[in-house]
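Have a look at the structure below before the remarks.
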Amino acid sequence: MSQNVFQFIDVQRVDPPKKPLKIRKIEFVEIYESFNQNQVQMQGDRCLECGNPYCEWKCPVHNYIPDWLKLAKNGRILEAVELSHQTNSLPEVCGRVCPQDRLCEGACTLNDRFGAVTIGNIEKYITDKAFEMGWKPDLSKVVKSGKRVAIVGAGPAGLACADVLVRNGVTPVVFDRYQEIGGLLTFGIPSFKLEKEVMQRRRQIFTEMGVEFRLGVEVGKDIQFSDLLTEFDALFLGVGTYKYMKGGFENESAPGVYDALPYLIANANRLLGLEKSERDYIDFAGKQVVVLGGGDTAMDCVRTAIRQGATRVICAYRRDAENMPGSRREVQNAREEGVEFMFNLQPVGVELDAQGRACGIKVVSTALGAPDANGRRSPVVVEGSDQVLAADAVVMAFGFQPSPSPWMEQHGIALDDRGRIQAPEQSEYAFQTSNPKVFAGGDAVRGSDLVVTAIYEGRKAAEGILDYLEV
Ligand code: FAD
Ligand code: SF4
């Protein structure tokens, strides 16, 4: 099919339509409809096929974007899906949750004047369509090496590592304390961004590829790390970051004040039918909710509260809209769904009712001071600006810090001063820790970041392991 080089002028960038608000506000389903082949052709044809594609460089896994766009627009889905899996272990996930405006699409040559090519949605389409057509990775020519690697953590880092290992004849055995694979893809990111079936389908595909999962097993509790060191040829740690950052204000441990992740996990457990007791579910139906924070986790909490039937949901953030770290797309989605945003407010304490439960959050106004070393302007308190926002529930979404386990240092795995596992990419074996048999990647190494960077590190660490095992 010949290319219309001026397609980007004739055809505007179009995103897939969103589901109607009345559905979005009550259902935990992905809000975007899928593209169809005709839309993929129209949108894919807008790609200029730049000689030096900036999108590829900005994509952390360096996807061959213009090449699979071209295959996809010509309907060559099976070739496109094979190509996209050469660089990415979970392309359908990245297509859904990557902050494309900061990554591939932000770097697209058309971005500034004409609107970037809709890369993420086409990436998602390719894999979803290929699965629909019955495609599965073909490992029939892989020769087994007899080597076995234990992977701790079934998040994107661990899964990406397993994907590369199994395609190279090494058997990965993945341990996770949860009953489902995906890590934060399943238990953090809500279904309105990534439906649970996406990872359940991947679990089946990985299992058929020869990845062994041992789920509901916590390393250090249900099985000792020393046993894994003895049993396996090498290990990979993709354990994430799970220490919740606190606000350090008065009454933040009172009933009615919640950390963001346990709230989201409880909701995911209900949707997955994994709830152990009804008391574990955190229900904001009929409540006034204030979420503190301005990142993607805060956006996920406010939008979950809306779907649970909260009467009023406020997102209070200490900087202004411009300085919010959350994806612009998700902030816009939250606004459309009825979330109120209040900026330049810093929490100073939780107000309690006669029973000692949270009934409000006291805040002070802030103004932005001089930029810090990273160029972000720090908030400065405005004297005498106290006010109380009424709230039956307060959610703290301040981010995460590394949460290393005691068994790491006991087995010679060095941490940096922030508790991150030290595993440099640029070393003889990529992402090897100070214990030569142990490799690591993802949030546990870089601090909490993105799905696609965790996938990159898991894949690169697998290459390091293959070199180390001389496979
Ligand atoms: P995780 O995904 O955290 O996986 C670690 C796994 O290790 C978990 O399953 C855990 O159970 C397991 N584990 C830990 N210790 C043990 C042990 N001792 N034994 C057994 N298992 C263990 N990124 C994006 O790109 N886009 C988004 O939209 C986005 N939204 C987010 C929303 C929320 C609410 C959160 C919290 C994060 C979000 N992120 C997003 C960030 C992204 O999810 C993470 O960067 C990514 O999941 C990190 O992958 P990982 O594999 O390193 O760790
Ligand atoms: Fe863009 Fe993420 Fe896909 Fe890379 S992996 S092309 S950054 S959506």
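Residues are named by chain letter and number: chains run A, B, ... in the order of the structure tokens, numbers start at 1 in each chain, and ligands are numbered from 1 in the order shown.
For ligand 2, the neighbouring polymer residues at 6 Å or closer are Cys59, Pro60, Asn63, Cys94, Gly95, Cys98, Gln100, Leu103, Cys104, Gly120 and Val452 of chain A, only C-alpha atoms and all ligand atoms being used.
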Kindly save the residues from that selection, with N, CA, C and O atoms included, as a short mmCIF file (atom, residue, chain, number, x, y, z; two decimals), in the first residue's frame.
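Generated file (again_9.cif):
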data_model
loop_
_atom_site.label_atom_id
_atom_site.label_comp_id
_atom_site.auth_asym_id
_atom_site.auth_seq_id
_atom_site.Cartn_x
_atom_site.Cartn_y
_atom_site.Cartn_z
N CYS A 59 11.45 6.11 23.95
CA CYS A 59 10.81 4.92 24.53
C CYS A 59 11.86 4.16 25.34
O CYS A 59 12.89 3.78 24.78
N PRO A 60 11.65 3.93 26.65
CA PRO A 60 12.69 3.30 27.45
C PRO A 60 13.12 1.91 26.97
O PRO A 60 14.25 1.52 27.20
N ASN A 63 11.44 0.53 21.49
CA ASN A 63 10.58 -0.18 20.53
C ASN A 63 10.86 0.26 19.10
O ASN A 63 11.13 1.44 18.86
N CYS A 94 1.99 -1.60 28.24
CA CYS A 94 2.60 -0.28 28.02
C CYS A 94 1.69 0.60 27.18
O CYS A 94 1.53 1.79 27.45
N GLY A 95 1.07 0.01 26.16
CA GLY A 95 0.15 0.78 25.32
C GLY A 95 -0.97 1.40 26.14
O GLY A 95 -1.47 2.47 25.83
N CYS A 98 1.59 3.52 29.84
CA CYS A 98 2.75 4.42 29.75
C CYS A 98 2.28 5.88 29.69
O CYS A 98 1.28 6.16 29.02
N GLN A 100 2.57 8.29 27.69
CA GLN A 100 3.12 8.50 26.34
C GLN A 100 3.45 9.96 26.07
O GLN A 100 4.39 10.25 25.33
N LEU A 103 6.85 10.34 26.93
CA LEU A 103 7.80 9.38 26.34
C LEU A 103 7.69 9.41 24.82
O LEU A 103 7.97 10.42 24.20
N CYS A 104 7.27 8.30 24.22
CA CYS A 104 7.31 8.19 22.75
C CYS A 104 6.55 9.29 22.03
O CYS A 104 7.07 9.94 21.11
N GLY A 120 0.80 4.69 21.51
CA GLY A 120 0.39 3.79 22.59
C GLY A 120 -0.82 2.95 22.21
O GLY A 120 -0.85 1.74 22.42
N VAL A 452 7.30 0.67 32.23
CA VAL A 452 8.18 0.41 31.08
C VAL A 452 9.66 0.40 31.49
O VAL A 452 10.46 -0.36 30.92
#
Test item: residues lying within 7 Å of ligand 1 with only C-alpha atoms and all ligand atoms, as a ChimeraX atom specification: /A:97-99,152-158,175-178,181-185,188-189,217-220,238-241,261,264,296-297,300,441-444,448-452,454
Mind writing the picked residues with C-alpha atoms as a PDB file, in the first residue's frame?
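Result file follows (again-v7.pdb):
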ATOM      1  CA  VAL A  97      -0.438   2.737  30.989  1.00  0.00           C
ATOM      2  CA  CYS A  98       2.752   4.421  29.750  1.00  0.00           C
ATOM      3  CA  PRO A  99       2.680   8.223  30.122  1.00  0.00           C
ATOM      4  CA  VAL A 152      11.330 -13.007  43.280  1.00  0.00           C
ATOM      5  CA  GLY A 153       8.431 -10.752  42.300  1.00  0.00           C
ATOM      6  CA  ALA A 154       5.884 -11.221  39.499  1.00  0.00           C
ATOM      7  CA  GLY A 155       5.680  -7.502  38.690  1.00  0.00           C
ATOM      8  CA  PRO A 156       6.711  -6.128  35.290  1.00  0.00           C
ATOM      9  CA  ALA A 157      10.447  -6.390  36.122  1.00  0.00           C
ATOM     10  CA  GLY A 158      10.223 -10.057  37.153  1.00  0.00           C
ATOM     11  CA  PHE A 175       7.763 -16.470  43.311  1.00  0.00           C
ATOM     12  CA  ASP A 176       5.246 -13.868  44.495  1.00  0.00           C
ATOM     13  CA  ARG A 177       3.483 -13.333  47.790  1.00  0.00           C
ATOM     14  CA  TYR A 178       0.270 -12.466  45.932  1.00  0.00           C
ATOM     15  CA  ILE A 181       0.889 -12.150  38.774  1.00  0.00           C
ATOM     16  CA  GLY A 182       1.444  -8.500  37.785  1.00  0.00           C
ATOM     17  CA  GLY A 183       2.616  -6.803  41.014  1.00  0.00           C
ATOM     18  CA  LEU A 184       1.345  -3.222  40.836  1.00  0.00           C
ATOM     19  CA  LEU A 185      -0.158  -3.925  37.394  1.00  0.00           C
ATOM     20  CA  GLY A 188      -1.977  -1.029  42.213  1.00  0.00           C
ATOM     21  CA  ILE A 189      -3.121   0.228  38.817  1.00  0.00           C
ATOM     22  CA  VAL A 217       4.700 -17.615  48.502  1.00  0.00           C
ATOM     23  CA  GLU A 218       6.576 -14.878  50.341  1.00  0.00           C
ATOM     24  CA  VAL A 219      10.353 -15.211  50.159  1.00  0.00           C
ATOM     25  CA  GLY A 220      11.833 -14.784  53.649  1.00  0.00           C
ATOM     26  CA  GLY A 238      12.091  -7.584  41.209  1.00  0.00           C
ATOM     27  CA  VAL A 239      10.499  -6.872  44.568  1.00  0.00           C
ATOM     28  CA  GLY A 240       9.331  -3.273  44.032  1.00  0.00           C
ATOM     29  CA  THR A 241       9.056  -0.480  46.638  1.00  0.00           C
ATOM     30  CA  LEU A 261      -1.871   1.368  48.242  1.00  0.00           C
ATOM     31  CA  LEU A 264      -6.259   0.240  46.039  1.00  0.00           C
ATOM     32  CA  ASP A 296      -0.653   8.979  39.431  1.00  0.00           C
ATOM     33  CA  THR A 297      -1.367   7.083  42.658  1.00  0.00           C
ATOM     34  CA  ASP A 300      -6.034   6.302  40.879  1.00  0.00           C
ATOM     35  CA  GLY A 441      15.881  -4.541  38.560  1.00  0.00           C
ATOM     36  CA  GLY A 442      12.756  -2.385  38.505  1.00  0.00           C
ATOM     37  CA  ASP A 443      11.532  -0.138  41.321  1.00  0.00           C
ATOM     38  CA  ALA A 444      13.658  -1.967  43.930  1.00  0.00           C
ATOM     39  CA  SER A 448       9.445   3.901  42.314  1.00  0.00           C
ATOM     40  CA  ASP A 449       9.161   4.757  38.652  1.00  0.00           C
ATOM     41  CA  LEU A 450       7.321   3.326  35.650  1.00  0.00           C
ATOM     42  CA  VAL A 451       6.119   0.013  34.250  1.00  0.00           C
ATOM     43  CA  VAL A 452       8.180   0.405  31.084  1.00  0.00           C
ATOM     44  CA  ALA A 454      10.852  -1.948  35.133  1.00  0.00           C
TER      45      ALA A 454
END
Contacts of range 255-347 of chain A with range 364-386 of chain A up to 8 Å, shortest pair per row, only C-alpha atoms, as CSV:
residue,atom,partner,partner_atom,distance
A:Arg318,CA,A:Pro379,CA,6.7
A:Arg319,CA,A:Pro379,CA,6.2
A:Asn323,CA,A:Arg376,CA,7.3
A:Asn344,CA,A:Thr366,CA,4.8
A:Leu345,CA,A:Ser365,CA,4.6
A:Gln346,CA,A:Val364,CA,5.3
A:Pro347,CA,A:Val364,CA,6.5
Residues within 10 Å of range 457-466 of chain A, only C-alpha atoms, excluding chain neighbours under 5 positions, as a PyMOL selection string: chain A and resi 60-61+87-89+147+149+155-166+168-170+233-238+423-425+427-432+436-443+445-446+452+471
d(CA of Cys315 in chain A, CA of Arg329 in chain A) in Å: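 Computing the Euclidean distance for CA of Cys315 in chain A and CA of Arg329 in chain A yields 15.6 Å.
The shortest atom-to-atom distance to Asp259 in chain A, with only C-alpha atoms taken into account, belongs to A:Phe400 out of A:Gly216, A:Glu409, A:Phe400, A:Val348.
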Selected residue of minimal separation from Ser191 in chain A among A:Leu228, A:Leu83, A:Ile306, A:Ala268, counting only C-alpha atoms: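 With only C-alpha atoms as the atom set, the closest residue is A:Ala268.
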Of the listed residues A:Pro20, A:Gly134, A:Gly106, A:Pro66, that which approaches Leu78 in chain A most closely, counting only C-alpha atoms: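 Closest to Leu78 in chain A, using only C-alpha atoms: A:Gly134.
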Backbone DSSP call of alpha helix (DSSP H) for range 215-451 of chain A, listed as number ranges by chain: A: 225-231, 260-272, 296-308, 328-336, 406-410, 443-446, 451
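Using only C-alpha atoms, the smallest distance between any of A:Glu330, A:Glu212, A:Glu180, A:Glu275 and Cys301 in chain A comes from A:Glu330.
Residues lying within 9 Å of Thr304 in chain A, counting only C-alpha atoms and ignoring same-chain neighbours fewer than 3 positions away, are Lys25, Phe28, Pro190, Phe192, Leu264, Asn267, Phe284, Met299, Asp300, Cys301, Arg307, Gln308 and Gly309 of chain A.
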Spatial neighbours of Met396 in chain A, 8 Å, only C-alpha atoms, chain gap at least 5 places, as a PyMOL selection string: chain A and resi 246-247+257-260+291-293
If you run DSSP over the backbone, which residues in range 8-248 of chain A end up strand (DSSP E or B)? Put them as a short mmCIF file (atom, residue, chain, number, x, y, z; two decimals) with C-alpha atoms, in the first residue's frame.
data_model
loop_
_atom_site.label_atom_id
_atom_site.label_comp_id
_atom_site.auth_asym_id
_atom_site.auth_seq_id
_atom_site.Cartn_x
_atom_site.Cartn_y
_atom_site.Cartn_z
CA LYS A 18 -13.97 7.21 25.85
CA TYR A 32 -11.06 3.86 26.27
CA ARG A 148 16.96 -22.65 36.35
CA VAL A 149 16.59 -19.13 37.68
CA ALA A 150 14.46 -18.05 40.66
CA ILE A 151 12.68 -14.75 40.19
CA VAL A 152 11.33 -13.01 43.28
CA THR A 171 13.59 -22.11 33.06
CA PRO A 172 12.34 -19.23 35.24
CA VAL A 173 10.51 -20.02 38.48
CA VAL A 174 8.66 -16.91 39.63
CA PHE A 175 7.76 -16.47 43.31
CA ASP A 176 5.25 -13.87 44.49
CA GLU A 212 6.66 -21.66 36.36
CA PHE A 213 4.73 -19.56 38.90
CA ARG A 214 4.74 -20.23 42.63
CA LEU A 215 2.17 -17.72 43.85
CA VAL A 219 10.35 -15.21 50.16
CA ILE A 223 10.52 -20.03 51.82
CA ALA A 234 20.95 -17.59 39.57
CA LEU A 235 18.32 -15.28 41.08
CA PHE A 236 16.56 -12.08 40.06
CA LEU A 237 14.96 -9.68 42.55
CA LYS A 243 7.21 1.58 52.17
CA TYR A 244 4.48 4.22 52.14
#
Contact residues around Val11 in chain A with only C-alpha atoms at 10 Å, ignoring same-chain residues under 2 positions, as a list in words: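 The residues satisfying every condition are Phe6, Gln7, Phe8, Ile9, Arg13, Val14, Met42, Gln43, Asp45, Arg46 and Phe114 of chain A.
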Same residues, all heavy atoms, saved as a tab-separated table (two decimals), in the first residue's frame:
chain	number	residue	atom	x	y	z
A	6	PHE	N	1.48	13.24	3.25
A	6	PHE	CA	0.84	14.39	3.91
A	6	PHE	C	-0.37	13.98	4.74
A	6	PHE	O	-1.19	14.81	5.10
A	6	PHE	CB	0.44	15.44	2.86
A	6	PHE	CG	1.63	16.00	2.15
A	6	PHE	CD1	1.84	15.74	0.81
A	6	PHE	CD2	2.56	16.77	2.83
A	6	PHE	CE1	2.97	16.23	0.16
A	6	PHE	CE2	3.69	17.27	2.19
A	6	PHE	CZ	3.90	16.99	0.85
A	7	GLN	N	-0.43	12.68	5.05
A	7	GLN	CA	-1.56	12.18	5.86
A	7	GLN	C	-1.70	12.96	7.17
A	7	GLN	O	-2.78	13.22	7.64
A	7	GLN	CB	-1.31	10.69	6.17
A	7	GLN	CG	-2.37	10.02	7.01
A	7	GLN	CD	-3.47	9.42	6.14
A	7	GLN	OE1	-3.68	9.85	5.01
A	7	GLN	NE2	-4.17	8.46	6.67
A	8	PHE	N	-0.54	13.37	7.74
A	8	PHE	CA	-0.59	14.06	9.04
A	8	PHE	C	-1.28	15.42	8.94
A	8	PHE	O	-1.73	15.98	9.93
A	8	PHE	CB	0.83	14.21	9.63
A	8	PHE	CG	1.73	15.14	8.86
A	8	PHE	CD1	1.83	16.47	9.22
A	8	PHE	CD2	2.47	14.68	7.79
A	8	PHE	CE1	2.66	17.33	8.53
A	8	PHE	CE2	3.31	15.53	7.09
A	8	PHE	CZ	3.40	16.87	7.44
A	9	ILE	N	-1.36	15.99	7.70
A	9	ILE	CA	-2.08	17.26	7.52
A	9	ILE	C	-3.56	16.97	7.26
A	9	ILE	O	-4.44	17.59	7.84
A	9	ILE	CB	-1.49	18.07	6.34
A	9	ILE	CG1	-0.04	18.43	6.65
A	9	ILE	CG2	-2.31	19.33	6.07
A	9	ILE	CD1	0.68	19.11	5.50
A	13	ARG	N	-4.74	13.89	14.51
A	13	ARG	CA	-4.55	12.85	15.53
A	13	ARG	C	-5.90	12.59	16.20
A	13	ARG	O	-6.61	13.54	16.58
A	13	ARG	CB	-3.56	13.35	16.60
A	13	ARG	CG	-3.44	12.38	17.78
A	13	ARG	CD	-2.81	13.05	18.99
A	13	ARG	NE	-3.07	12.27	20.19
A	13	ARG	CZ	-2.22	11.37	20.69
A	13	ARG	NH1	-1.05	11.17	20.12
A	13	ARG	NH2	-2.53	10.69	21.78
A	14	VAL	N	-6.23	11.33	16.35
A	14	VAL	CA	-7.48	10.97	17.04
A	14	VAL	C	-7.16	9.90	18.07
A	14	VAL	O	-6.46	8.94	17.77
A	14	VAL	CB	-8.53	10.43	16.03
A	14	VAL	CG1	-9.77	9.95	16.77
A	14	VAL	CG2	-8.92	11.49	15.02
A	42	MET	N	-5.54	4.70	9.38
A	42	MET	CA	-5.57	6.16	9.23
A	42	MET	C	-4.54	6.82	10.15
A	42	MET	O	-3.80	7.72	9.75
A	42	MET	CB	-6.96	6.71	9.60
A	42	MET	CG	-8.06	6.25	8.69
A	42	MET	SD	-7.84	6.85	7.01
A	42	MET	CE	-8.38	8.53	7.16
A	43	GLN	N	-4.49	6.36	11.40
A	43	GLN	CA	-3.60	7.00	12.37
A	43	GLN	C	-2.15	6.58	12.15
A	43	GLN	O	-1.24	7.40	12.23
A	43	GLN	CB	-4.05	6.66	13.81
A	43	GLN	CG	-5.39	7.26	14.18
A	43	GLN	CD	-5.36	8.78	14.19
A	43	GLN	OE1	-4.49	9.39	14.81
A	43	GLN	NE2	-6.28	9.42	13.49
A	45	ASP	N	-0.78	5.80	9.39
A	45	ASP	CA	-0.30	6.43	8.15
A	45	ASP	C	0.21	7.86	8.40
A	45	ASP	O	0.89	8.43	7.56
A	45	ASP	CB	-1.44	6.47	7.13
A	45	ASP	CG	-1.00	5.92	5.78
A	45	ASP	OD1	0.18	5.55	5.68
A	45	ASP	OD2	-1.82	5.89	4.87
A	46	ARG	N	-0.12	8.41	9.56
A	46	ARG	CA	0.36	9.77	9.87
A	46	ARG	C	1.86	9.76	10.20
A	46	ARG	O	2.50	10.80	10.21
A	46	ARG	CB	-0.42	10.35	11.05
A	46	ARG	CG	-1.91	10.56	10.77
A	46	ARG	CD	-2.63	11.16	11.97
A	46	ARG	NE	-2.26	12.55	12.18
A	46	ARG	CZ	-1.57	13.00	13.21
A	46	ARG	NH1	-1.18	12.15	14.15
A	46	ARG	NH2	-1.27	14.27	13.34
A	114	PHE	N	1.18	19.27	14.93
A	114	PHE	CA	0.11	18.52	14.27
A	114	PHE	C	-0.55	17.46	15.17
A	114	PHE	O	-1.55	16.89	14.80
A	114	PHE	CB	0.66	17.84	13.00
A	114	PHE	CG	1.16	18.82	11.99
A	114	PHE	CD1	2.52	19.13	11.91
A	114	PHE	CD2	0.28	19.46	11.14
A	114	PHE	CE1	2.98	20.04	10.99
A	114	PHE	CE2	0.74	20.39	10.21
A	114	PHE	CZ	2.10	20.68	10.14
Distance query Pro137 in chain A at most 12 Å, only C-alpha atoms, self and fewer than 6 positions along chain excluded, as number ranges by chain: A: 78-79, 81-86, 89, 127, 130-131, 163-164, 166-167, 202, 204-210
